[in-house]
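The structure appears right after this line, and notes come after that.
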Amino acid sequence: MLAKHYRSDNSGTSGPSWLTFIAQAKDSLWSVDLFRCESILLHSHWVLVVIDVVTRLIIGFGIERGAIDGMPVCRMFNHASVPYAPVSHPFVERLIGTIRREYLDRVLFWNAVDLERKLETFRDYYNGHRVHRAIAGLTAAQFAGA
């Protein structure tokens, strides 16, 4: 793959080479998954959640109301700041359970904007204040060196 797609810095093309991409991603593994939740008005909302598996930081959320297909999922990826298509992983499955149990099962939301605001609040709590047994009782932000 590298032999076919490697470009030197003076190749004149935009974007990183495969070698640069791999070098930048070596200490990071992002995982992504989708789940559905209902608003107070019983409207379905799809949430895309992205987690850094190494540091346990929540990278971001993407939210779409109603049924989703290819285009809304692409918008959700862009909104969650996912530069490349990651692979689903058990860590994100566990995170979705945590988001549901510790937050969404206890909090009501009106619409996608309200849901996004509340999930951003949860992300700040999860990354900066919630300790994780798997990373020696540190917060995800402390473990990531933030």
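Lettering and numbering for the structure tokens are positional, with chains as A, B, ... in the shown order, residues counted from 1 in each chain, and ligands counted from 1 in the shown order.
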
Proximity check region 32-105 of chain A to region 121-136 of chain A, 9 Å, nearest pairs one decimal Å, only C-alpha atoms, as CSV:
```
residue,atom,partner,partner_atom,distance
A:Thr55,CA,A:Ile135,CA,8.2
A:Arg56,CA,A:Asn127,CA,7.8
A:Leu57,CA,A:Asn127,CA,5.5
A:Ile58,CA,A:Arg123,CA,6.1
A:Ile59,CA,A:Arg123,CA,8.3
A:Gly60,CA,A:Arg123,CA,7.7
A:Phe61,CA,A:Arg123,CA,8.9
A:Ile99,CA,A:Phe122,CA,8.1
A:Tyr103,CA,A:Phe122,CA,7.4
```

Go ahead and write the residues just picked, all heavy atoms, as a PDB file, in the first residue's frame.
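Heads up, here's the output in selection13.pdb:
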```pdb
ATOM      1  N   THR A  55      -6.804   6.743  24.678  1.00  0.00           N
ATOM      2  CA  THR A  55      -6.927   7.674  25.799  1.00  0.00           C
ATOM      3  C   THR A  55      -8.294   7.663  26.454  1.00  0.00           C
ATOM      4  O   THR A  55      -8.462   8.237  27.510  1.00  0.00           O
ATOM      5  CB  THR A  55      -6.649   9.114  25.335  1.00  0.00           C
ATOM      6  OG1 THR A  55      -7.629   9.484  24.367  1.00  0.00           O
ATOM      7  CG2 THR A  55      -5.245   9.249  24.769  1.00  0.00           C
ATOM      8  N   ARG A  56      -9.282   7.063  25.823  1.00  0.00           N
ATOM      9  CA  ARG A  56     -10.682   7.028  26.270  1.00  0.00           C
ATOM     10  C   ARG A  56     -11.360   8.388  26.178  1.00  0.00           C
ATOM     11  O   ARG A  56     -12.406   8.612  26.757  1.00  0.00           O
ATOM     12  CB  ARG A  56     -10.831   6.512  27.709  1.00  0.00           C
ATOM     13  CG  ARG A  56     -10.225   5.175  28.023  1.00  0.00           C
ATOM     14  CD  ARG A  56     -10.860   4.074  27.216  1.00  0.00           C
ATOM     15  NE  ARG A  56     -10.683   2.777  27.814  1.00  0.00           N
ATOM     16  CZ  ARG A  56      -9.604   2.014  27.682  1.00  0.00           C
ATOM     17  NH1 ARG A  56      -8.593   2.454  26.989  1.00  0.00           N
ATOM     18  NH2 ARG A  56      -9.534   0.834  28.241  1.00  0.00           N
ATOM     19  N   LEU A  57     -10.774   9.341  25.448  1.00  0.00           N
ATOM     20  CA  LEU A  57     -11.404  10.643  25.253  1.00  0.00           C
ATOM     21  C   LEU A  57     -12.567  10.510  24.271  1.00  0.00           C
ATOM     22  O   LEU A  57     -12.445   9.825  23.257  1.00  0.00           O
ATOM     23  CB  LEU A  57     -10.414  11.650  24.679  1.00  0.00           C
ATOM     24  CG  LEU A  57      -9.375  12.221  25.613  1.00  0.00           C
ATOM     25  CD1 LEU A  57      -8.329  12.985  24.825  1.00  0.00           C
ATOM     26  CD2 LEU A  57     -10.018  13.118  26.649  1.00  0.00           C
ATOM     27  N   ILE A  58     -13.666  11.176  24.578  1.00  0.00           N
ATOM     28  CA  ILE A  58     -14.744  11.282  23.600  1.00  0.00           C
ATOM     29  C   ILE A  58     -14.318  12.356  22.614  1.00  0.00           C
ATOM     30  O   ILE A  58     -14.094  13.507  22.985  1.00  0.00           O
ATOM     31  CB  ILE A  58     -16.081  11.652  24.256  1.00  0.00           C
ATOM     32  CG1 ILE A  58     -16.551  10.527  25.183  1.00  0.00           C
ATOM     33  CG2 ILE A  58     -17.135  11.927  23.179  1.00  0.00           C
ATOM     34  CD1 ILE A  58     -17.809  10.863  25.964  1.00  0.00           C
ATOM     35  N   ILE A  59     -14.210  11.991  21.342  1.00  0.00           N
ATOM     36  CA  ILE A  59     -13.778  12.928  20.308  1.00  0.00           C
ATOM     37  C   ILE A  59     -14.929  13.819  19.891  1.00  0.00           C
ATOM     38  O   ILE A  59     -14.775  15.023  19.737  1.00  0.00           O
ATOM     39  CB  ILE A  59     -13.217  12.177  19.087  1.00  0.00           C
ATOM     40  CG1 ILE A  59     -12.063  11.261  19.504  1.00  0.00           C
ATOM     41  CG2 ILE A  59     -12.806  13.138  17.991  1.00  0.00           C
ATOM     42  CD1 ILE A  59     -10.905  11.960  20.150  1.00  0.00           C
ATOM     43  N   GLY A  60     -16.100  13.246  19.692  1.00  0.00           N
ATOM     44  CA  GLY A  60     -17.229  14.069  19.281  1.00  0.00           C
ATOM     45  C   GLY A  60     -18.482  13.268  19.037  1.00  0.00           C
ATOM     46  O   GLY A  60     -18.489  12.038  19.093  1.00  0.00           O
ATOM     47  N   PHE A  61     -19.554  14.018  18.755  1.00  0.00           N
ATOM     48  CA  PHE A  61     -20.859  13.448  18.463  1.00  0.00           C
ATOM     49  C   PHE A  61     -21.375  14.031  17.158  1.00  0.00           C
ATOM     50  O   PHE A  61     -21.096  15.182  16.831  1.00  0.00           O
ATOM     51  CB  PHE A  61     -21.881  13.809  19.555  1.00  0.00           C
ATOM     52  CG  PHE A  61     -21.552  13.281  20.914  1.00  0.00           C
ATOM     53  CD1 PHE A  61     -20.987  14.090  21.884  1.00  0.00           C
ATOM     54  CD2 PHE A  61     -21.814  11.956  21.237  1.00  0.00           C
ATOM     55  CE1 PHE A  61     -20.695  13.615  23.143  1.00  0.00           C
ATOM     56  CE2 PHE A  61     -21.519  11.461  22.496  1.00  0.00           C
ATOM     57  CZ  PHE A  61     -20.963  12.293  23.454  1.00  0.00           C
ATOM     58  N   ILE A  99     -23.107   6.170  28.126  1.00  0.00           N
ATOM     59  CA  ILE A  99     -23.869   7.381  27.807  1.00  0.00           C
ATOM     60  C   ILE A  99     -25.339   7.167  28.107  1.00  0.00           C
ATOM     61  O   ILE A  99     -26.005   8.032  28.683  1.00  0.00           O
ATOM     62  CB  ILE A  99     -23.657   7.790  26.333  1.00  0.00           C
ATOM     63  CG1 ILE A  99     -22.218   8.252  26.101  1.00  0.00           C
ATOM     64  CG2 ILE A  99     -24.647   8.879  25.918  1.00  0.00           C
ATOM     65  CD1 ILE A  99     -21.854   8.402  24.639  1.00  0.00           C
ATOM     66  N   TYR A 103     -26.412   8.966  31.553  1.00  0.00           N
ATOM     67  CA  TYR A 103     -26.863  10.292  31.133  1.00  0.00           C
ATOM     68  C   TYR A 103     -28.233  10.285  30.466  1.00  0.00           C
ATOM     69  O   TYR A 103     -29.180  10.834  31.009  1.00  0.00           O
ATOM     70  CB  TYR A 103     -25.807  10.933  30.226  1.00  0.00           C
ATOM     71  CG  TYR A 103     -25.972  12.423  30.105  1.00  0.00           C
ATOM     72  CD1 TYR A 103     -25.806  13.251  31.205  1.00  0.00           C
ATOM     73  CD2 TYR A 103     -26.301  13.004  28.893  1.00  0.00           C
ATOM     74  CE1 TYR A 103     -25.973  14.624  31.100  1.00  0.00           C
ATOM     75  CE2 TYR A 103     -26.458  14.380  28.784  1.00  0.00           C
ATOM     76  CZ  TYR A 103     -26.299  15.172  29.894  1.00  0.00           C
ATOM     77  OH  TYR A 103     -26.463  16.519  29.790  1.00  0.00           O
TER      78      TYR A 103
END
```

Run DSSP on the backbone and grab whatever in region 24-80 of chain A lands in strand (DSSP E or B); send it over as a PyMOL selection string. chain A and resi 30-38+44-52+58-65

Please identify all polymer residues within 12 Å of Leu115 (chain A), counting only C-alpha atoms, omitting same-chain residues fewer than 6 positions from it, and present them as a VMD selection string. chain A and resid 36 to 40 43 to 47 61 to 65 103 to 104 107 to 109 121 to 122
